[in-house]
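Note: the block below is final-v3.pdb and it holds PDB, C-alpha atoms, pLDDT in the B column.
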```pdb
MODEL        1
ATOM      1  CA  MET A 201     236.306 166.954  15.931  1.00 65.00           C
ATOM      2  CA  ALA A 202     239.816 165.544  15.789  1.00 67.00           C
ATOM      3  CA  LYS A 203     240.053 165.771  19.579  1.00 72.00           C
ATOM      4  CA  VAL A 204     236.801 163.837  19.990  1.00 68.00           C
ATOM      5  CA  ALA A 205     238.042 161.192  17.544  1.00 68.00           C
ATOM      6  CA  ARG A 206     241.272 160.772  19.520  1.00 76.00           C
ATOM      7  CA  ARG A 207     239.387 160.436  22.816  1.00 81.00           C
ATOM      8  CA  TRP A 208     236.704 158.051  21.605  1.00 85.00           C
ATOM      9  CA  TRP A 209     238.531 156.075  18.905  1.00 89.00           C
ATOM     10  CA  TRP A 210     238.247 152.812  20.832  1.00 91.00           C
ATOM     11  CA  GLU A 211     234.522 153.123  21.466  1.00 92.00           C
ATOM     12  CA  GLY A 212     233.935 154.112  17.844  1.00 93.00           C
ATOM     13  CA  LEU A 213     235.925 151.107  16.674  1.00 95.00           C
ATOM     14  CA  CYS A 214     233.883 148.728  18.851  1.00 95.00           C
ATOM     15  CA  VAL A 215     230.592 150.092  17.505  1.00 95.00           C
ATOM     16  CA  PHE A 216     231.875 149.930  13.912  1.00 96.00           C
ATOM     17  CA  VAL A 217     232.998 146.306  14.280  1.00 96.00           C
ATOM     18  CA  TYR A 218     229.701 145.267  15.855  1.00 96.00           C
ATOM     19  CA  VAL A 219     227.595 147.022  13.212  1.00 95.00           C
ATOM     20  CA  ALA A 220     229.724 145.488  10.460  1.00 95.00           C
ATOM     21  CA  ILE A 221     229.379 141.936  11.805  1.00 95.00           C
ATOM     22  CA  ALA A 222     225.736 142.115  12.864  1.00 94.00           C
ATOM     23  CA  GLY A 223     224.656 144.154   9.838  1.00 92.00           C
ATOM     24  CA  SER A 224     226.286 141.721   7.411  1.00 92.00           C
ATOM     25  CA  GLN A 225     224.040 139.015   8.876  1.00 92.00           C
ATOM     26  CA  LEU A 226     220.820 140.981   9.361  1.00 92.00           C
ATOM     27  CA  PHE A 227     220.561 142.867   6.103  1.00 90.00           C
ATOM     28  CA  ARG A 228     221.801 140.352   3.574  1.00 84.00           C
ATOM     29  CA  ILE A 229     219.817 138.358   1.014  1.00 79.00           C
ATOM     30  CA  PRO A 230     218.796 135.594   1.640  1.00 83.00           C
ATOM     31  CA  VAL A 231     217.576 136.748   5.050  1.00 86.00           C
ATOM     32  CA  THR A 232     219.256 135.505   8.212  1.00 88.00           C
ATOM     33  CA  GLY A 233     216.695 135.323  10.981  1.00 88.00           C
ATOM     34  CA  MET A 234     214.314 133.107  12.936  1.00 88.00           C
ATOM     35  CA  ALA A 235     211.424 131.309  11.241  1.00 86.00           C
ATOM     36  CA  ASP A 236     207.933 131.484  12.737  1.00 87.00           C
ATOM     37  CA  ASN A 237     207.071 128.474  14.909  1.00 85.00           C
ATOM     38  CA  GLY A 238     203.513 129.730  15.319  1.00 83.00           C
ATOM     39  CA  ASP A 239     204.266 132.485  17.857  1.00 89.00           C
ATOM     40  CA  PHE A 240     204.485 135.459  15.472  1.00 91.00           C
ATOM     41  CA  PRO A 241     200.673 135.888  15.281  1.00 90.00           C
ATOM     42  CA  LYS A 242     200.644 136.450  19.063  1.00 92.00           C
ATOM     43  CA  VAL A 243     202.436 139.731  18.356  1.00 93.00           C
ATOM     44  CA  LEU A 244     201.298 140.522  14.817  1.00 93.00           C
ATOM     45  CA  GLY A 245     197.634 139.488  14.911  1.00 90.00           C
ATOM     46  CA  ARG A 246     196.333 142.340  17.048  1.00 92.00           C
ATOM     47  CA  LEU A 247     198.058 144.787  14.645  1.00 93.00           C
ATOM     48  CA  ASP A 248     196.309 143.363  11.543  1.00 91.00           C
ATOM     49  CA  VAL A 249     199.594 141.928  10.250  1.00 92.00           C
ATOM     50  CA  CYS A 250     200.269 138.372   9.093  1.00 87.00           C
ATOM     51  CA  ASP A 251     202.426 136.110   6.977  1.00 83.00           C
ATOM     52  CA  PRO A 252     200.957 136.064   3.446  1.00 77.00           C
ATOM     53  CA  ASP A 253     202.065 132.492   2.783  1.00 71.00           C
ATOM     54  CA  GLN A 254     201.915 130.756   6.187  1.00 61.00           C
ATOM     55  CA  TYR A 255     205.122 128.841   5.473  1.00 58.00           C
ATOM     56  CA  ARG A 256     206.312 128.522   9.031  1.00 58.00           C
ATOM     57  CA  GLN A 257     209.266 126.274   8.199  1.00 62.00           C
ATOM     58  CA  TYR A 258     211.036 129.190   6.510  1.00 74.00           C
ATOM     59  CA  ILE A 259     211.773 132.852   7.066  1.00 81.00           C
ATOM     60  CA  VAL A 260     209.221 134.998   5.268  1.00 84.00           C
ATOM     61  CA  PRO A 261     210.813 138.244   3.990  1.00 86.00           C
ATOM     62  CA  ALA A 262     207.666 140.440   4.054  1.00 88.00           C
ATOM     63  CA  TYR A 263     204.486 140.574   6.131  1.00 91.00           C
ATOM     64  CA  LYS A 264     201.210 142.030   4.868  1.00 92.00           C
ATOM     65  CA  ILE A 265     199.009 144.608   6.573  1.00 92.00           C
ATOM     66  CA  ASN A 266     195.367 143.623   6.203  1.00 90.00           C
ATOM     67  CA  PRO A 267     192.305 143.789   8.515  1.00 90.00           C
ATOM     68  CA  GLU A 268     191.658 140.142   7.631  1.00 89.00           C
ATOM     69  CA  CYS A 269     194.828 139.261   9.564  1.00 87.00           C
ATOM     70  CA  ARG A 270     193.197 140.416  12.809  1.00 90.00           C
ATOM     71  CA  TRP A 271     193.575 138.021  15.737  1.00 88.00           C
ATOM     72  CA  ASP A 272     193.930 139.065  19.358  1.00 87.00           C
ATOM     73  CA  SER A 273     195.958 136.645  21.481  1.00 86.00           C
ATOM     74  CA  HIS A 274     195.239 138.727  24.601  1.00 87.00           C
ATOM     75  CA  LEU A 275     198.945 138.572  25.426  1.00 88.00           C
ATOM     76  CA  THR A 276     200.834 141.674  26.486  1.00 88.00           C
ATOM     77  CA  SER A 277     204.296 142.284  25.052  1.00 93.00           C
ATOM     78  CA  SER A 278     206.523 145.282  24.463  1.00 94.00           C
ATOM     79  CA  GLU A 279     207.428 143.597  21.172  1.00 95.00           C
ATOM     80  CA  THR A 280     203.947 144.556  19.988  1.00 94.00           C
ATOM     81  CA  ALA A 281     204.795 148.222  20.586  1.00 94.00           C
ATOM     82  CA  LEU A 282     207.937 147.919  18.455  1.00 94.00           C
ATOM     83  CA  VAL A 283     206.042 146.241  15.630  1.00 95.00           C
ATOM     84  CA  GLY A 284     203.332 148.891  15.944  1.00 94.00           C
ATOM     85  CA  ILE A 285     205.924 151.585  15.218  1.00 95.00           C
ATOM     86  CA  ILE A 286     207.233 149.611  12.231  1.00 95.00           C
ATOM     87  CA  LYS A 287     203.691 149.175  10.899  1.00 94.00           C
ATOM     88  CA  GLN A 288     202.891 152.871  11.321  1.00 95.00           C
ATOM     89  CA  ILE A 289     205.997 153.860   9.368  1.00 95.00           C
ATOM     90  CA  ALA A 290     204.907 151.508   6.575  1.00 93.00           C
ATOM     91  CA  VAL A 291     201.396 153.031   6.589  1.00 93.00           C
ATOM     92  CA  TRP A 292     202.814 156.567   6.445  1.00 95.00           C
ATOM     93  CA  ASN A 293     204.762 155.485   3.366  1.00 93.00           C
ATOM     94  CA  GLU A 294     201.566 154.040   1.845  1.00 90.00           C
ATOM     95  CA  ARG A 295     202.834 150.469   1.911  1.00 92.00           C
ATOM     96  CA  ASP A 296     200.654 147.417   2.581  1.00 91.00           C
ATOM     97  CA  SER A 297     203.519 145.289   3.917  1.00 90.00           C
ATOM     98  CA  PHE A 298     206.874 145.558   5.638  1.00 93.00           C
ATOM     99  CA  SER A 299     210.041 143.482   5.755  1.00 92.00           C
ATOM    100  CA  ILE A 300     211.079 141.248   8.625  1.00 92.00           C
ATOM    101  CA  GLN A 301     214.366 143.124   8.381  1.00 93.00           C
ATOM    102  CA  SER A 302     212.516 146.186   9.678  1.00 94.00           C
ATOM    103  CA  ALA A 303     212.293 144.324  12.974  1.00 94.00           C
ATOM    104  CA  GLY A 304     216.026 143.701  12.704  1.00 94.00           C
ATOM    105  CA  LYS A 305     216.639 147.442  12.395  1.00 95.00           C
ATOM    106  CA  ALA A 306     214.441 148.226  15.417  1.00 95.00           C
ATOM    107  CA  HIS A 307     216.011 145.559  17.625  1.00 97.00           C
ATOM    108  CA  LEU A 308     219.511 146.445  16.453  1.00 96.00           C
ATOM    109  CA  GLY A 309     218.905 150.105  17.294  1.00 96.00           C
ATOM    110  CA  ILE A 310     218.080 149.219  20.908  1.00 97.00           C
ATOM    111  CA  LEU A 311     221.051 146.884  21.132  1.00 96.00           C
ATOM    112  CA  LEU A 312     223.360 149.606  19.796  1.00 96.00           C
ATOM    113  CA  ALA A 313     221.970 151.998  22.404  1.00 97.00           C
ATOM    114  CA  ALA A 314     222.881 149.433  25.078  1.00 97.00           C
ATOM    115  CA  LEU A 315     226.375 149.021  23.632  1.00 96.00           C
ATOM    116  CA  GLY A 316     226.875 152.771  23.309  1.00 96.00           C
ATOM    117  CA  ILE A 317     225.830 153.425  26.919  1.00 97.00           C
ATOM    118  CA  LEU A 318     228.118 150.669  28.170  1.00 96.00           C
ATOM    119  CA  LEU A 319     231.078 152.021  26.173  1.00 96.00           C
ATOM    120  CA  TRP A 320     230.379 155.532  27.483  1.00 96.00           C
ATOM    121  CA  ALA A 321     230.266 154.199  31.048  1.00 95.00           C
ATOM    122  CA  LEU A 322     233.558 152.309  30.663  1.00 95.00           C
ATOM    123  CA  HIS A 323     235.346 155.201  28.948  1.00 92.00           C
ATOM    124  CA  GLU A 324     236.906 156.566  32.130  1.00 89.00           C
ATOM    125  CA  SER A 325     237.355 153.227  33.887  1.00 88.00           C
ATOM    126  CA  ARG A 326     240.553 151.214  34.259  1.00 90.00           C
ATOM    127  CA  PRO A 327     242.167 150.082  30.983  1.00 89.00           C
ATOM    128  CA  ILE A 328     241.471 146.434  31.757  1.00 92.00           C
ATOM    129  CA  LEU A 329     237.746 147.219  31.762  1.00 89.00           C
ATOM    130  CA  ARG A 330     237.694 149.793  28.979  1.00 90.00           C
ATOM    131  CA  PHE A 331     239.719 147.684  26.556  1.00 93.00           C
ATOM    132  CA  GLY A 332     238.993 144.191  27.890  1.00 91.00           C
ATOM    133  CA  LEU A 333     235.225 143.998  28.319  1.00 92.00           C
ATOM    134  CA  PRO A 334     233.860 145.465  25.034  1.00 92.00           C
ATOM    135  CA  PRO A 335     235.593 142.933  22.705  1.00 93.00           C
ATOM    136  CA  SER A 336     234.015 140.073  24.670  1.00 94.00           C
ATOM    137  CA  ILE A 337     230.570 141.652  24.405  1.00 93.00           C
ATOM    138  CA  VAL A 338     230.990 142.316  20.683  1.00 94.00           C
ATOM    139  CA  LEU A 339     232.193 138.738  20.121  1.00 94.00           C
ATOM    140  CA  ILE A 340     229.312 137.169  22.041  1.00 94.00           C
ATOM    141  CA  PHE A 341     226.416 139.265  20.775  1.00 93.00           C
ATOM    142  CA  SER A 342     227.541 139.313  17.158  1.00 93.00           C
ATOM    143  CA  ASP A 343     227.156 135.529  17.060  1.00 94.00           C
ATOM    144  CA  VAL A 344     224.318 134.387  14.804  1.00 93.00           C
ATOM    145  CA  ALA A 345     222.643 132.690  17.778  1.00 91.00           C
ATOM    146  CA  TYR A 346     221.819 136.178  19.089  1.00 93.00           C
ATOM    147  CA  VAL A 347     221.763 138.194  15.874  1.00 94.00           C
ATOM    148  CA  ALA A 348     219.221 135.908  14.172  1.00 93.00           C
ATOM    149  CA  TYR A 349     216.675 136.705  16.882  1.00 93.00           C
ATOM    150  CA  LEU A 350     216.723 140.359  15.829  1.00 95.00           C
ATOM    151  CA  ASN A 351     215.151 139.441  12.487  1.00 94.00           C
ATOM    152  CA  SER A 352     212.048 137.974  14.090  1.00 94.00           C
ATOM    153  CA  PHE A 353     208.816 138.914  15.833  1.00 94.00           C
ATOM    154  CA  TYR A 354     209.365 136.737  18.882  1.00 94.00           C
ATOM    155  CA  MET A 355     208.657 138.253  22.281  1.00 94.00           C
ATOM    156  CA  ASP A 356     212.091 136.990  23.322  1.00 94.00           C
ATOM    157  CA  ALA A 357     213.707 139.385  20.834  1.00 95.00           C
ATOM    158  CA  ALA A 358     212.334 142.370  22.751  1.00 95.00           C
ATOM    159  CA  ALA A 359     213.238 140.692  26.046  1.00 95.00           C
ATOM    160  CA  MET A 360     216.851 140.225  24.971  1.00 95.00           C
ATOM    161  CA  VAL A 361     217.508 143.762  23.737  1.00 96.00           C
ATOM    162  CA  PHE A 362     215.686 145.477  26.612  1.00 97.00           C
ATOM    163  CA  LEU A 363     217.483 143.311  29.184  1.00 96.00           C
ATOM    164  CA  LEU A 364     220.837 144.281  27.670  1.00 96.00           C
ATOM    165  CA  LEU A 365     219.787 147.945  27.749  1.00 97.00           C
ATOM    166  CA  THR A 366     218.680 147.641  31.391  1.00 97.00           C
ATOM    167  CA  MET A 367     221.969 146.078  32.467  1.00 97.00           C
ATOM    168  CA  SER A 368     224.035 148.619  30.528  1.00 97.00           C
ATOM    169  CA  LEU A 369     222.212 151.423  32.312  1.00 96.00           C
ATOM    170  CA  ALA A 370     222.839 149.768  35.685  1.00 95.00           C
ATOM    171  CA  VAL A 371     226.571 149.630  34.930  1.00 95.00           C
ATOM    172  CA  ALA A 372     226.484 153.255  33.790  1.00 95.00           C
ATOM    173  CA  GLU A 373     224.850 154.330  37.063  1.00 93.00           C
ATOM    174  CA  VAL A 374     227.608 152.634  39.076  1.00 92.00           C
ATOM    175  CA  LEU A 375     230.432 154.150  37.035  1.00 92.00           C
ATOM    176  CA  ARG A 376     229.057 157.520  35.881  1.00 91.00           C
ATOM    177  CA  PRO A 377     225.788 158.328  37.715  1.00 90.00           C
ATOM    178  CA  ARG A 378     223.387 160.736  36.035  1.00 90.00           C
ATOM    179  CA  ALA A 379     219.711 161.594  36.501  1.00 90.00           C
ATOM    180  CA  TRP A 380     218.795 160.520  32.955  1.00 94.00           C
ATOM    181  CA  ILE A 381     220.120 157.020  33.634  1.00 94.00           C
ATOM    182  CA  ALA A 382     217.434 156.376  36.264  1.00 94.00           C
ATOM    183  CA  ILE A 383     214.714 157.492  33.848  1.00 95.00           C
ATOM    184  CA  ALA A 384     216.098 155.384  30.985  1.00 96.00           C
ATOM    185  CA  PHE A 385     216.507 152.407  33.345  1.00 97.00           C
ATOM    186  CA  CYS A 386     212.835 152.692  34.299  1.00 96.00           C
ATOM    187  CA  ILE A 387     211.716 152.587  30.645  1.00 97.00           C
ATOM    188  CA  ALA A 388     214.076 149.740  29.712  1.00 97.00           C
ATOM    189  CA  ALA A 389     213.172 147.659  32.776  1.00 97.00           C
ATOM    190  CA  VAL A 390     209.424 148.036  32.206  1.00 96.00           C
ATOM    191  CA  CYS A 391     209.857 147.104  28.530  1.00 96.00           C
ATOM    192  CA  PHE A 392     211.864 144.009  29.523  1.00 97.00           C
ATOM    193  CA  ILE A 393     209.402 142.887  32.185  1.00 96.00           C
ATOM    194  CA  THR A 394     206.457 143.352  29.823  1.00 95.00           C
ATOM    195  CA  ALA A 395     208.193 141.643  26.871  1.00 94.00           C
ATOM    196  CA  LYS A 396     206.879 138.220  27.846  1.00 92.00           C
ATOM    197  CA  SER A 397     204.939 136.962  30.846  1.00 90.00           C
ATOM    198  CA  GLN A 398     207.538 134.275  31.605  1.00 90.00           C
ATOM    199  CA  HIS A 399     210.184 136.979  32.053  1.00 89.00           C
ATOM    200  CA  ALA A 400     208.127 138.771  34.710  1.00 90.00           C
ATOM    201  CA  VAL A 401     209.678 136.410  37.287  1.00 92.00           C
ATOM    202  CA  LEU A 402     212.875 138.434  36.810  1.00 93.00           C
ATOM    203  CA  GLY A 403     211.020 141.559  37.888  1.00 93.00           C
ATOM    204  CA  PRO A 404     211.895 141.245  41.621  1.00 94.00           C
ATOM    205  CA  PRO A 405     215.697 141.127  41.049  1.00 95.00           C
ATOM    206  CA  ILE A 406     215.428 144.178  38.768  1.00 96.00           C
ATOM    207  CA  ILE A 407     213.328 145.981  41.374  1.00 96.00           C
ATOM    208  CA  ALA A 408     215.939 145.137  44.018  1.00 96.00           C
ATOM    209  CA  LEU A 409     218.667 146.425  41.703  1.00 95.00           C
ATOM    210  CA  ALA A 410     216.843 149.738  41.242  1.00 94.00           C
ATOM    211  CA  VAL A 411     216.416 150.102  45.012  1.00 93.00           C
ATOM    212  CA  TRP A 412     220.087 149.317  45.594  1.00 93.00           C
ATOM    213  CA  LEU A 413     221.190 151.841  42.990  1.00 91.00           C
ATOM    214  CA  GLY A 414     218.950 154.399  44.656  1.00 89.00           C
ATOM    215  CA  VAL A 415     220.211 153.928  48.215  1.00 87.00           C
ATOM    216  CA  ARG A 416     223.912 153.311  47.603  1.00 80.00           C
ATOM    217  CA  GLY A 417     225.890 156.321  48.716  1.00 58.00           C
ATOM    218  CA  ALA A 418     222.696 158.327  49.449  1.00 55.00           C
ATOM    219  CA  ARG A 419     222.773 159.780  45.943  1.00 64.00           C
ATOM    220  CA  ARG A 420     220.625 162.776  45.096  1.00 71.00           C
ATOM    221  CA  HIS A 421     218.904 160.747  42.376  1.00 80.00           C
ATOM    222  CA  ALA A 422     217.446 158.342  44.944  1.00 86.00           C
ATOM    223  CA  ARG A 423     213.854 159.470  44.299  1.00 88.00           C
ATOM    224  CA  LEU A 424     214.182 158.759  40.597  1.00 90.00           C
ATOM    225  CA  TRP A 425     215.461 155.275  41.357  1.00 92.00           C
ATOM    226  CA  MET A 426     212.630 154.634  43.821  1.00 93.00           C
ATOM    227  CA  ALA A 427     210.211 155.717  41.102  1.00 93.00           C
ATOM    228  CA  SER A 428     211.918 153.282  38.720  1.00 94.00           C
ATOM    229  CA  ALA A 429     211.553 150.498  41.272  1.00 95.00           C
ATOM    230  CA  ALA A 430     207.868 151.368  41.721  1.00 96.00           C
ATOM    231  CA  ALA A 431     207.250 151.316  37.950  1.00 96.00           C
ATOM    232  CA  ALA A 432     209.008 147.951  37.639  1.00 96.00           C
ATOM    233  CA  THR A 433     206.896 146.629  40.525  1.00 96.00           C
ATOM    234  CA  LEU A 434     203.662 147.706  38.827  1.00 96.00           C
ATOM    235  CA  ALA A 435     204.792 146.129  35.546  1.00 95.00           C
ATOM    236  CA  THR A 436     205.672 142.868  37.313  1.00 95.00           C
ATOM    237  CA  VAL A 437     202.354 142.677  39.153  1.00 94.00           C
ATOM    238  CA  ALA A 438     200.438 143.494  35.972  1.00 92.00           C
ATOM    239  CA  MET A 439     202.233 140.756  34.014  1.00 91.00           C
ATOM    240  CA  PHE A 440     201.568 138.181  36.745  1.00 89.00           C
ATOM    241  CA  PHE A 441     197.868 139.023  36.599  1.00 85.00           C
TER     242      PHE A 441
ENDMDL
END
```
Whole structure given in structure tokens:
Amino acid sequence: MAKVARRWWWEGLCVFVYVAIAGSQLFRIPVTGMADNGDFPKVLGRLDVCDPDQYRQYIVPAYKINPECRWDSHLTSSETALVGIIKQIAVWNERDSFSIQSAGKAHLGILLAALGILLWALHESRPILRFGLPPSIVLIFSDVAYVAYLNSFYMDAAAMVFLLLTMSLAVAEVLRPRAWIAIAFCIAAVCFITAKSQHAVLGPPIIALAVWLGVRGARRHARLWMASAAAATLATVAMFF
């Protein structure tokens, strides 16, 4: 354990600092987040969830679960899947509402996965990268302009965290290639592309990135990367339709 701590002290410190800064904003009272401008029902309505007060000028701490909230926007978003998990956990605990900070926890978890993968990838790189890049990332993405989005039900919240996860996995494949990275990249890329229809236009560059990662150096994981590119292509075409 002591040996692991000595090897990974820097990465652990970066994660601790980020969690401390972001957590102090996300999980405080009053809530720091993004108020509903009318877009939340596009995600929440099909899950029978809504704002009990309809005060869109302010952040509402809790959202009720009620069949009367039903409204289907016919919009596809991976944010809906995240909220569906949050709702199911609330139902399992016999609650008829859940906090907006539950969304913050879900989004933060994905963002921490992206940060952790990036730190793991940079661990054996040159000191200028290992010690120079992470502080910049922590500084930028701990700013309230990004953190506030995590406490929201906007489709852009899912787009942001899944894009960061996708890019972290791409960096990891370049520096420390593994089979699981291609699989995780596929899931993250599809979730980003399907987060919001406007972001589907970024599907082609992500597909090209997957192809490039698959063919560079004739790696033995090329088939997995081609499969990732195919999945991203299907997601892009589906979102355009």
| query | Between A:Ala422, A:Ile387, A:Val371, A:Leu364, which one has atoms that come closest to Trp320 (chain A), using all atoms listed in the file? | reply |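 For Trp320 (chain A), the nearest of the candidates is A:Val371.
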| field | the PyMOL selection byres ((chain A and resi 302) around 12) applied to the shown file, residues as a PyMOL selection string | value | chain A and resi 226-227+231+233+261-263+282-290+297-301+303-309+350-353
Write the residues of the selection above to a file with C-alpha atoms, as an mmCIF file, in the coordinates of the input.
```
data_model
loop_
_atom_site.group_PDB
_atom_site.id
_atom_site.type_symbol
_atom_site.label_atom_id
_atom_site.label_comp_id
_atom_site.auth_asym_id
_atom_site.auth_seq_id
_atom_site.Cartn_x
_atom_site.Cartn_y
_atom_site.Cartn_z
ATOM 1 C CA LEU A 226 220.820 140.981 9.361
ATOM 2 C CA PHE A 227 220.561 142.867 6.103
ATOM 3 C CA VAL A 231 217.576 136.748 5.050
ATOM 4 C CA GLY A 233 216.695 135.323 10.981
ATOM 5 C CA PRO A 261 210.813 138.244 3.990
ATOM 6 C CA ALA A 262 207.666 140.440 4.054
ATOM 7 C CA TYR A 263 204.486 140.574 6.131
ATOM 8 C CA LEU A 282 207.937 147.919 18.455
ATOM 9 C CA VAL A 283 206.042 146.241 15.630
ATOM 10 C CA GLY A 284 203.332 148.891 15.944
ATOM 11 C CA ILE A 285 205.924 151.585 15.218
ATOM 12 C CA ILE A 286 207.233 149.611 12.231
ATOM 13 C CA LYS A 287 203.691 149.175 10.899
ATOM 14 C CA GLN A 288 202.891 152.871 11.321
ATOM 15 C CA ILE A 289 205.997 153.860 9.368
ATOM 16 C CA ALA A 290 204.907 151.508 6.575
ATOM 17 C CA SER A 297 203.519 145.289 3.917
ATOM 18 C CA PHE A 298 206.874 145.558 5.638
ATOM 19 C CA SER A 299 210.041 143.482 5.755
ATOM 20 C CA ILE A 300 211.079 141.248 8.625
ATOM 21 C CA GLN A 301 214.366 143.124 8.381
ATOM 22 C CA ALA A 303 212.293 144.324 12.974
ATOM 23 C CA GLY A 304 216.026 143.701 12.704
ATOM 24 C CA LYS A 305 216.639 147.442 12.395
ATOM 25 C CA ALA A 306 214.441 148.226 15.417
ATOM 26 C CA HIS A 307 216.011 145.559 17.625
ATOM 27 C CA LEU A 308 219.511 146.445 16.453
ATOM 28 C CA GLY A 309 218.905 150.105 17.294
ATOM 29 C CA LEU A 350 216.723 140.359 15.829
ATOM 30 C CA ASN A 351 215.151 139.441 12.487
ATOM 31 C CA SER A 352 212.048 137.974 14.090
ATOM 32 C CA PHE A 353 208.816 138.914 15.833
#
```
| query | Looking at A:Met439, A:Val260, A:Val401, A:Ile383, which one is nearest to His274 (chain A), with distances taken over all atoms listed in the file? | reply |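 Comparing A:Met439, A:Val260, A:Val401, A:Ile383 against His274 (chain A), the winner is A:Met439.
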| Could you spell out the hits of the PyMOL selection byres ((chain A and resi 238-244) around 6) on the shown file, as a list in words? |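 Residues picked by the PyMOL selection byres ((chain A and resi 238-244) around 6): Asp236, Asn237, Gly245, Arg246, Leu247, Val249, Ser273, Thr280 and Phe353 of chain A.
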| query | Leaving out region 433-438 of chain A and any residue of its chain fewer than 2 positions from it, which residues lie within 7 Å of it when counting all atoms listed in the file, given as a list in words? | reply |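 That gives Val390, Ile393, Thr394, Ala400, Gly403, Ile407, Ala429, Ala430, Ala431, Phe440 and Phe441 of chain A.
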| said: Would you compute the distance between CA of Thr232 (chain A) and CA of Tyr218 (chain A)? Give it in Å to one decimal. | reply: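 CA of Thr232 (chain A) sits 16.2 Å away from CA of Tyr218 (chain A).
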| field | Between CA of His399 (chain A) and CA of Trp271 (chain A) - distance in Å to one decimal | value |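 Computed distance, CA of Trp271 (chain A) to CA of His399 (chain A), equals 23.3 Å.
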Please identify every residue of region 337-386 of chain A that has at least one atom no farther than 12 Å from an atom of region 325-330 of chain A, counting only C-alpha atoms, and for each give the shortest atom pair and the distance in Å to one decimal, arranged by chain then increasing number, as JSON lines.
```
{"residue": "A:Ile337", "atom": "CA", "partner": "A:Leu329", "partner_atom": "CA", "distance": 11.7}
{"residue": "A:Val371", "atom": "CA", "partner": "A:Ser325", "partner_atom": "CA", "distance": 11.4}
{"residue": "A:Ala372", "atom": "CA", "partner": "A:Ser325", "partner_atom": "CA", "distance": 10.9}
{"residue": "A:Val374", "atom": "CA", "partner": "A:Ser325", "partner_atom": "CA", "distance": 11.1}
{"residue": "A:Leu375", "atom": "CA", "partner": "A:Ser325", "partner_atom": "CA", "distance": 7.7}
{"residue": "A:Arg376", "atom": "CA", "partner": "A:Ser325", "partner_atom": "CA", "distance": 9.6}
```
| Distance CA of Val338 (chain A)-CA of Tyr258 (chain A), one decimal place? |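 Distance between the two atoms: 27.8 Å.
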| Nearest to Ile406 (chain A), chosen from A:Ala432, A:Ala427, A:Ala382, A:Ala313, with all atoms listed in the file counted in the distances |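 Under the stated criterion, the closest residue is A:Ala432.
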| task | I would like the residues chosen by the PyMOL selection byres ((chain A and resi 355) around 7) on the shown file; could you give them as a VMD selection string? | result | chain A and resid 277 279 353 to 354 356 to 359 395 to 396
| message | Please determine, counting all atoms listed in the file, which residue among A:Cys250, A:Val415, A:Ala408, A:Ile317 has the shortest atom-to-atom distance to Pro267 (chain A). | response |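 When distances to Pro267 (chain A) are compared using all atoms listed in the file, the smallest one comes from A:Cys250.
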| field | Shortest interatomic distance to Val411 (chain A) - which of A:Val215, A:Met426, A:Leu369, A:Cys269, counting all atoms listed in the file | value |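 When distances to Val411 (chain A) are compared using all atoms listed in the file, the smallest one comes from A:Met426.
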